[in-house]
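Visitor: Starting off with a structure, shown below.
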Amino acid sequence: MGKVVWNPGTLLAPLPAVLVSCGTMEKANVLTVAWTGIINTHPAMTYISVRPSRHSYDMIKETGEFVINLTTSAMVRTVDFCGVRSGNKLDKIEKCSLHKEKASKVSAPIISESPLSLECKVTEIKHLGTHDMFIAEIVAVDIEDRFIDSKGKLNLQQAGLMAYSHGEYFSLGRKLGEFGYSVRKKNKNTKRK
């Protein structure tokens with residue numbers, strides 16, 4: 001089995017397709033971003049890459065804040081719509097029947113329909129070419145309480161999260177393992193079936 005070599009491209013996949021909210025409770029916008037991820041643990045840091053021509057770009061640059069709202073399979077039409085329509089022509093939050101909540105640490109609102117939201121404060125902007133990368137510290141995490149069990153463990157796999165891969169949206173599937181399971185010692189008291 002051979003491999004075909006292509007020119008460089010944006011084929012890292014899957015990626016989260018998130019709704020980024022920005023602005024203020026009074027004047028907010030939301031846009032879809034797939035160029036995002038975690039870049040540091042302590043302090044918790046993330047990034048989003050946004051084209052300077054996007055309506056939200058100036059809002060984020062001016063306030064230095066945004067919220068990354070994770071999305072579910074049930075939100076796929078909204079995610080797509082918010083990625084192809086501009087907030088300078090219509091209120092996407094209203095058009096998609098989304099609900100805003102006040103964030104605890106930033107001026108940008110949280111999207112109520114999101115199971116988990118990351119409140120972010122920009123620490124640096126990197127000019128990269130077609131996009132500028134907003135590097136940000138995660139200053140608060142807002143989690144829908146039904147995804148936290150009685151022991152305080154996050155069970156986000158129950159949220160039905162979605163992902164983006166090369167122009168297509170996918171529902172995330174079943175759990176395959178957990179961090180460190182490949183090297184964890186087996187319990188001697190566990191009986192084999």
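Residue numbering restarts at 1 for every chain of the structure tokens, chains are lettered A, B, ... in their displayed order, and ligands are numbered from 1 as they appear.
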Looking only at the backbone, which of the residues in chain A does DSSP tag as strand (DSSP E or B), as number ranges by chain?

Guide: A: 15-16, 18-23, 28-33, 36-40, 45-50, 65-69, 72, 100-101, 110-111, 116-127, 132-143, 148, 154, 161-165, 168-171

Visitor: Mind checking which residues fall within 6 Å of Met133 in chain A, counting only C-alpha atoms, ignoring those fewer than 4 positions away in the same chain, and posting them as a compact mmCIF listing (two decimals) with C-alpha atoms, in the first residue's frame?

Guide:
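As written to disk, part19.txt reads:
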# COMPACT_ATOMS: atom_id res chain seq x y z
CA ILE A 48 -8.27 30.60 17.54
CA SER A 49 -7.19 31.61 14.06
CA ILE A 125 -1.85 38.07 18.27
CA LYS A 126 0.34 36.35 15.68

Visitor: Would you work out the distance separating CA of Val79 in chain A from CA of Asp145 in chain A, expressed in Å to one decimal?

Guide: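 Those two atoms sit 22.7 Å apart.
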
Visitor: Using only C-alpha atoms, tabulate the residues of range 45-68 of chain A lying at most 10 Å from any atom of range 14-22 of chain A, each with its closest atom pair and that distance in Å to one decimal, by chain and increasing residue number, as a tab-separated table.

Guide:
residue	atom	partner	partner_atom	distance
A:Ile48	CA	A:Val20	CA	8.7
A:Ser56	CA	A:Cys22	CA	6.9
A:Tyr57	CA	A:Cys22	CA	9.1
A:Asp58	CA	A:Cys22	CA	9.8
A:Met59	CA	A:Cys22	CA	6.5
A:Ile60	CA	A:Cys22	CA	6.1
A:Lys61	CA	A:Cys22	CA	9.8
A:Thr63	CA	A:Cys22	CA	8.3
A:Gly64	CA	A:Cys22	CA	9.3
A:Glu65	CA	A:Cys22	CA	6.8
A:Phe66	CA	A:Cys22	CA	4.7
A:Val67	CA	A:Ser21	CA	5.2
A:Ile68	CA	A:Val20	CA	4.7

Visitor: Out of A:Thr72, A:Leu90, A:Val5, A:His99, which residue has the shortest atom-to-atom distance to Met25 in chain A when counting only C-alpha atoms?

Guide: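 Once distances to Met25 in chain A are computed over only C-alpha atoms, the minimum belongs to A:His99.
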
Visitor: Calculated over only C-alpha atoms, which of the candidates A:Lys100, A:Asn7, A:Glu26, A:Ser114 has the smallest distance to Phe147 in chain A?

Guide: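 That would be A:Ser114, the residue with the smallest distance to Phe147 in chain A.
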
Visitor: Could you work out how far CA of His42 in chain A lies from CA of Ser112 in chain A, giving the answer in Å with one decimal?

Guide: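 According to the coordinates, CA of Ser112 in chain A and CA of His42 in chain A are separated by 27.0 Å.
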
Visitor: How close does each residue of range 100-126 of chain A get to range 135-143 of chain A, giving the shortest atom pair and distance in Å to one decimal for every residue with an atom at most 7 Å away, counting only C-alpha atoms, sorted by chain and residue number, as a tab-separated table?

Guide:
residue	atom	partner	partner_atom	distance
A:Lys105	CA	A:Ala140	CA	6.7
A:Pro115	CA	A:Ile143	CA	6.0
A:Leu116	CA	A:Ile143	CA	4.5
A:Ser117	CA	A:Asp142	CA	5.0
A:Leu118	CA	A:Val141	CA	4.7
A:Glu119	CA	A:Ala140	CA	5.1
A:Cys120	CA	A:Ile138	CA	4.5
A:Lys121	CA	A:Ala136	CA	5.1
A:Val122	CA	A:Ala136	CA	4.0
A:Thr123	CA	A:Ala136	CA	5.1
A:Glu124	CA	A:Ile135	CA	5.2
A:Ile125	CA	A:Ile135	CA	6.1

Visitor: Closest to Ala163 in chain A among A:Val76, A:Ser53, A:Asn40, A:Lys27, using only C-alpha atoms?

Guide: A:Val76

Visitor: Identify which of the residues A:Gly23, A:Pro52, A:Gly9, A:Leu156 lies closest to Val106 in chain A, counting only C-alpha atoms when measuring atom-to-atom distances.

Guide: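 Closest residue, counting only C-alpha atoms: A:Gly23.
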
Visitor: For a quick check of understanding, using only C-alpha atoms, which of A:Ala28, A:Val84, A:Val50, A:Ile39 has the smallest distance to Asp132 in chain A?

Guide: A:Val50

Visitor: Please return, as a list in words, all residues of chain A that DSSP assigns to alpha helix (DSSP H) on the basis of the backbone.

Guide: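 Matching residues, listed in order: His55, Ser56, Tyr57, Asp58, Met59, Ile60, Lys61, Glu62, Thr63, Val76, Arg77, Thr78, Val79, Asp80, Phe81, Cys82, Gly83, Val84, Lys92, Ile93, Glu94 and Lys95 of chain A.
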